[in-house]
Amino acid sequence: MLRITELFQEIHRRGLWQTGAAYLGIAWAVLEVMDLFTGRGILPDWTFTGALVALVLGLPVVLATAFVQTPRKVGASVPGEGSGGVDGISGVVEASGVEGSSVGTPGKAEPENSGRPRSLKQLFTWRRAILGGVLAFSVLGVSTAGFGIMRVMGIGAPGTLLAQGVFEEGGLVILADFESTAGSTAPSDLVTEALRIDLEQSPTFDLMDPRAVSAGLARMVRDPDEPLTEDLALELATREGAEVVVSGDVGSVGGGYLLTGRILSAEDGALLAAFRETARDSTQLIDAMDALSGKVRSKMGEALRSVAGSDPLFEATTTSLEALRKFTYVSHREPRGAIPGPRAIQVIEEAVALDTTFAEAYRYLSILINNYGGSVQQGADAATRAFQHRRRLSPRRQLLVEGNYHMAVTGDYDQAARAYTGLVELDSLDSTATTNLADIVMYAGEYAEAERLLVSAPRPEMNVWTWNLMVSLAGQEKYSEAERLLEDASVAQPDNMYLPFTKGLFYASQGRSGEALATLGGIESAPDAVRYWAAYAAAVAHAQAGNLGLARDRLAQTDEWLKQTGTPSDRIAFVASKAFVSAWLAGDRRQGMKDLDALLSDLPMEEMDPVDRSLGRLALLYAVIGAPEEAQSFVDQYRAEVPSEGDPTGRSMIRVAEALVRIMGGSSPSEAGLESAASRLRCLRCARFYLGHGFQLADDAEKAIDAYEAYVQDGFFDASLYEMHFPAPVVHERLGVLYEEVGNPEKAAQHYREFARRWANADPDLQPRVQRALERAAELGV
């Protein structure tokens with residue numbers, strides 16, 4: 001114990017604590033600088049480890065040098081030595097090399113030749129310690145420079161594939177599905193999806209989009225949903241002109257995971273590089289995927305600074321592995337209609353509950369609600385949350401989020417179009433961008449442009465792409481092409497449970513109600529989650545044929561199924577059409593009012609969010625069926641309760657409802673602002689209908705004819721307002737009346753006959769209207 005105490009006292013006397021602390025402080029500063037440089041990609045990652053090793057090895061050298069080179073203090077008492085003395089000073093201490101002796105005094109240094117071996121004094125010198133440190137960091141610097149030269153010149157293992165001429169910058173790369181070597185315990189689908197999100201950030205190469213992969217497989221006469229194995233990816237790469245394939249495996253090691261990645265030459269399948277990362281458990285899996293992606297990107301030739309500057313995978317996607325799993329599950333099934341919309345919404349809701357910053361999932365949730373129904377407020381909130389967290393995403397995905405935000409929240413469709421146009425300019429084959437941009441332009445009546453966009457980046461296996469192209473073709477009256485598209489979709493989308501209803505609406509819109517109902521088949525046999533769609537499509541088909549009793553029955557059926565699987569907002573969106581059928585088509589305003597009153601009394605309106613009450617839709621519907629007081633009541637409620645953002649469709653409908661109420665109160669269309677209000681509607685065909693109705697209320701036959709003619713000549717039948725699926729036959733009847741008023745018997749007879757043709761087999765109580773139309777056509781003598 002005494003010797004240990006002596007040792008510490010000697011260390012203290014020689015100032016080794018101070019020397020060690022100073023060295024550690026300098027080492028910390030050096031490592032901070034190295035960490036900054038490696039973190040920004042200025043230096044390769046291993047240089048930090050190299051610096052750490054050099055500093056750790058240098059610490060004992062510095063301490064040994066300080067110990068040897070610092071003179072030992074003499075004359076101080078050591079506890080336990082000597083026998084008394086004055087003031088603790090003990091006896092006499094000999095100093096080697098000095099004749100005689102001297103009384104030791106505190107603070108007197110021992111002579112230079114203190115008896116310690118001269119070899120240690122010569123070995124551990126400050127000059128040598130400093131030169132050793134300089135040499136160590138010089139070796140590190142030379143190694144780093146050599147690595148950089150070999151990397152950019154394509155020499156040896158550090159050489160990048162870009163520098164070696166394996167592929168050109170911007171070359172096409174295909175990511176194969178990672179395979180699991182440990183069954184379902186290894187989440188290979190998650191690894192593939194996560195790597196795709198990360199690799200697409202690279203500016204060095206162009207990662208083939210999944211939709212383009214599916215299209216390529218279709219051209220190979222392969223199932224687009226078939227797993228993209230390594231062999232299949234190599235074959236696809238050869239056909240599509242890709243230069244490199246990235247593949248790999250996910251294995252289970254104990255309770256953790258082993259990720260193996262490979263870069264293969266598309267030309268001959270030769271292995272160009274291989275990497276591996278491990279994760280101790282699922283909590284480290286995302287970090288392992290991030291590290292693996294970084295190695296792949298670096299080897300391909302992306303600048304280290306670019307790789308380091310990319311968002312970590314957990315920031316670009318999610319911190320929750322389970323949230324990523326749910327997102328992947330839906331994103332692989334929903335686009336081809338293999339999962340019911342309500343179920344897809346439910347799973348994505350679970351994903352964002354697990355990670356409330358998952359921007360991509362919020363965007364997806366907003367789109368799902370827009371496409372399949374649900375809470376309008378929830379959809380707007382999801383789009384807003386995605387917009388708030390968009391900085392976590394790649395530039396491409398940020399533009400997608402911005403476009404969707406303006407569609408769902410601000411209603412600035414021009415701004416949304418600019419975002420999607422920016423994406424198309426970056427990549428003209430980006431089918432997500434072209435599909436969304438086509439959706440905007442086709443609602444604006446630019447059907448040829450929508451068709452061009454969709455055809456430029458085909459996705460025949462995708463439900464939304466098929467729908468948008470079908471209605472764009474129908475808008476140009478290219479019905480035979482649209483029909484062929486639907487037949488092809490039956491092959492490309494064998495699991496699409498929505499396809500029969502799509503076909504049914506397509507046939508019904510042309511007055512081919514018999515074919516529509518035959519296509520729909522037995523509604524009761526449809527999957528529970530989509531049965532309401534089948535009933536609704538059947539209601540449209542019956543209404544187009546004049547069988548309004550059956551149409552009302554089917555809408556009542558729609559309501560019953562929506563009570564089980566939908567939301568109150570869905571019930572308003574779909575079932576309010578029953579009032580339109582009663583009042584506008586059948587001409588029974590009183591029954592239409594009863595239909596709406598019955599629906600609203602059965603809904604928890606007071607418990608619903610103001611946006612979800614669909615006040616704009618209700619105000620407009622009451623105005624159209626001729627109930628101005630009720631319409632104005634909903635207008636006032638909307639103005640008082642609904643925020644200024646988050647309901648662009650509702651705001652546009654409120655403006656049209658106000659204009660119609662003013663016209664019914666005696667104002668002219670210009671005074672009421674009818675045309676300005678209608679121009680705010682996203683759907684051009686819808687605007688034409690409301691213009692026709694408003695001008696007819698104001699007894700302006702000429703303008704009513706122009707608007708109604710534009711409506712019936714427009715084959716486009718998609719609509720943000722479901723009521724617009726119904727009125728075409730009666731618009732023809734009204735055009736007959738209007739043309740008679742302006743003295744155009746030929747046109748009047750033409751429309752009377754078209755109305756009679758469509759309603760030839762109408763309900764018995766409607767047959768007198770059909771007969772009057774035929775009689776008027778005959779009396780007009782044309």
# chains A, B, ... in the order shown; residues from 1 in each chain; ligands from 1
call {"tool": "residues_around", "arguments": {"residues": "range 491-493 of chain A", "least_positions_apart": "6", "cutoff": "8 Å", "atoms": "only C-alpha atoms", "output": "list in words"}}
result
Ala218, Asp223, Pro224, Arg336, Gly337, Pro460, Glu461, Met462 and Asn463 of chain A
call {"tool": "residues_around", "arguments": {"residues": "Leu486 in chain A", "least_positions_apart": "3", "cutoff": "8 Å", "atoms": "only C-alpha atoms", "output": "list of chain:residue names"}}
result
A:Thr466, A:Met470, A:Ala482, A:Glu483, A:Ala489, A:Ser490, A:Lys503
call {"tool": "atom_distance", "arguments": {"atom1": "CA of Ala535 in chain A", "atom2": "CA of Ala380 in chain A"}}
result
27.6 Å
call {"tool": "residues_around", "arguments": {"residues": "range 537-543 of chain A", "least_positions_apart": "3", "cutoff": "9 Å", "atoms": "only C-alpha atoms", "output": "PyMOL selection string"}}
result
chain A and resi 501-502+504-505+507-509+511-514+516-517+520+523+532-534+546-555+558+581+585+725-727+729+759+762
call {"tool": "residues_around", "arguments": {"residues": "Ser667 in chain A", "least_positions_apart": "3", "cutoff": "12 Å", "atoms": "only C-alpha atoms", "output": "PyMOL selection string"}}
result
chain A and resi 658-664+670-674+694-695+697-699
call {"tool": "residues_around", "arguments": {"residues": "Ala707 in chain A", "least_positions_apart": "6", "cutoff": "9 Å", "atoms": "only C-alpha atoms", "output": "list in words"}}
result
Ala687, Arg688, Phe689, Tyr690, Leu691, Gly692, His693 and Phe695 of chain A
call {"tool": "closest_residue", "arguments": {"among": "A:Thr260, A:Thr384, A:Gln510, A:Asn496", "to": "Gly475 in chain A", "atoms": "only C-alpha atoms"}}
result
A:Gln510
call {"tool": "decode", "arguments": {"residues": "range 393-471 of chain A", "atoms": "C-alpha atoms", "output": "compact mmCIF listing (two decimals), in the first residue's frame"}}
result
# COMPACT_ATOMS: atom_id res chain seq x y z
CA LEU A 393 -37.99 13.77 -47.54
CA SER A 394 -35.96 13.74 -50.74
CA PRO A 395 -36.52 16.70 -53.13
CA ARG A 396 -38.69 14.50 -55.34
CA ARG A 397 -40.97 13.46 -52.51
CA GLN A 398 -41.10 17.02 -51.20
CA LEU A 399 -42.65 18.10 -54.50
CA LEU A 400 -45.21 15.30 -54.23
CA VAL A 401 -46.13 16.47 -50.74
CA GLU A 402 -46.40 20.11 -51.86
CA GLY A 403 -48.63 19.20 -54.79
CA ASN A 404 -50.96 17.15 -52.61
CA TYR A 405 -51.05 19.89 -49.95
CA HIS A 406 -52.29 22.46 -52.45
CA MET A 407 -54.84 19.99 -53.79
CA ALA A 408 -56.27 19.01 -50.41
CA VAL A 409 -55.79 22.12 -48.26
CA THR A 410 -55.33 25.41 -50.10
CA GLY A 411 -57.24 24.56 -53.27
CA ASP A 412 -54.53 26.28 -55.30
CA TYR A 413 -54.57 23.85 -58.22
CA ASP A 414 -52.19 26.03 -60.25
CA GLN A 415 -49.60 25.73 -57.48
CA ALA A 416 -50.19 21.99 -57.29
CA ALA A 417 -49.72 21.72 -61.04
CA ARG A 418 -46.43 23.62 -60.78
CA ALA A 419 -45.14 21.16 -58.20
CA TYR A 420 -46.04 18.15 -60.34
CA THR A 421 -44.70 19.84 -63.47
CA GLY A 422 -41.40 20.34 -61.66
CA LEU A 423 -41.29 16.62 -61.01
CA VAL A 424 -42.03 15.79 -64.63
CA GLU A 425 -39.26 18.14 -65.73
CA LEU A 426 -36.87 16.27 -63.44
CA ASP A 427 -38.01 12.91 -64.76
CA SER A 428 -40.51 12.66 -67.59
CA LEU A 429 -41.06 8.98 -66.74
CA ASP A 430 -42.12 9.66 -63.16
CA SER A 431 -45.56 8.06 -63.30
CA THR A 432 -46.62 9.39 -59.90
CA ALA A 433 -46.06 12.94 -61.08
CA THR A 434 -47.66 12.42 -64.49
CA THR A 435 -50.71 10.67 -62.97
CA ASN A 436 -51.29 13.48 -60.47
CA LEU A 437 -50.72 16.20 -63.04
CA ALA A 438 -53.09 14.44 -65.43
CA ASP A 439 -55.72 14.41 -62.68
CA ILE A 440 -55.53 18.20 -62.47
CA VAL A 441 -55.63 18.93 -66.18
CA MET A 442 -58.41 16.44 -66.96
CA TYR A 443 -60.70 18.04 -64.36
CA ALA A 444 -59.96 21.33 -66.11
CA GLY A 445 -61.21 19.82 -69.36
CA GLU A 446 -57.78 19.32 -70.99
CA TYR A 447 -58.40 15.67 -71.80
CA ALA A 448 -55.88 15.33 -74.64
CA GLU A 449 -53.11 16.70 -72.43
CA ALA A 450 -54.12 14.33 -69.64
CA GLU A 451 -53.96 11.42 -72.07
CA ARG A 452 -50.51 12.50 -73.26
CA LEU A 453 -49.17 12.67 -69.72
CA LEU A 454 -50.56 9.29 -68.76
CA VAL A 455 -49.34 7.53 -71.88
CA SER A 456 -45.86 9.03 -71.43
CA ALA A 457 -45.39 7.01 -68.22
CA PRO A 458 -47.68 3.98 -68.50
CA ARG A 459 -48.76 2.07 -65.42
CA PRO A 460 -51.32 -0.45 -66.71
CA GLU A 461 -51.19 -2.43 -63.47
CA MET A 462 -52.22 0.62 -61.42
CA ASN A 463 -55.86 1.30 -60.62
CA VAL A 464 -55.65 5.12 -60.47
CA TRP A 465 -53.67 5.34 -63.72
CA THR A 466 -56.29 3.20 -65.48
CA TRP A 467 -59.16 5.29 -64.13
CA ASN A 468 -57.59 8.59 -65.12
CA LEU A 469 -56.74 7.42 -68.62
CA MET A 470 -60.19 5.92 -69.10
CA VAL A 471 -62.03 9.13 -68.19
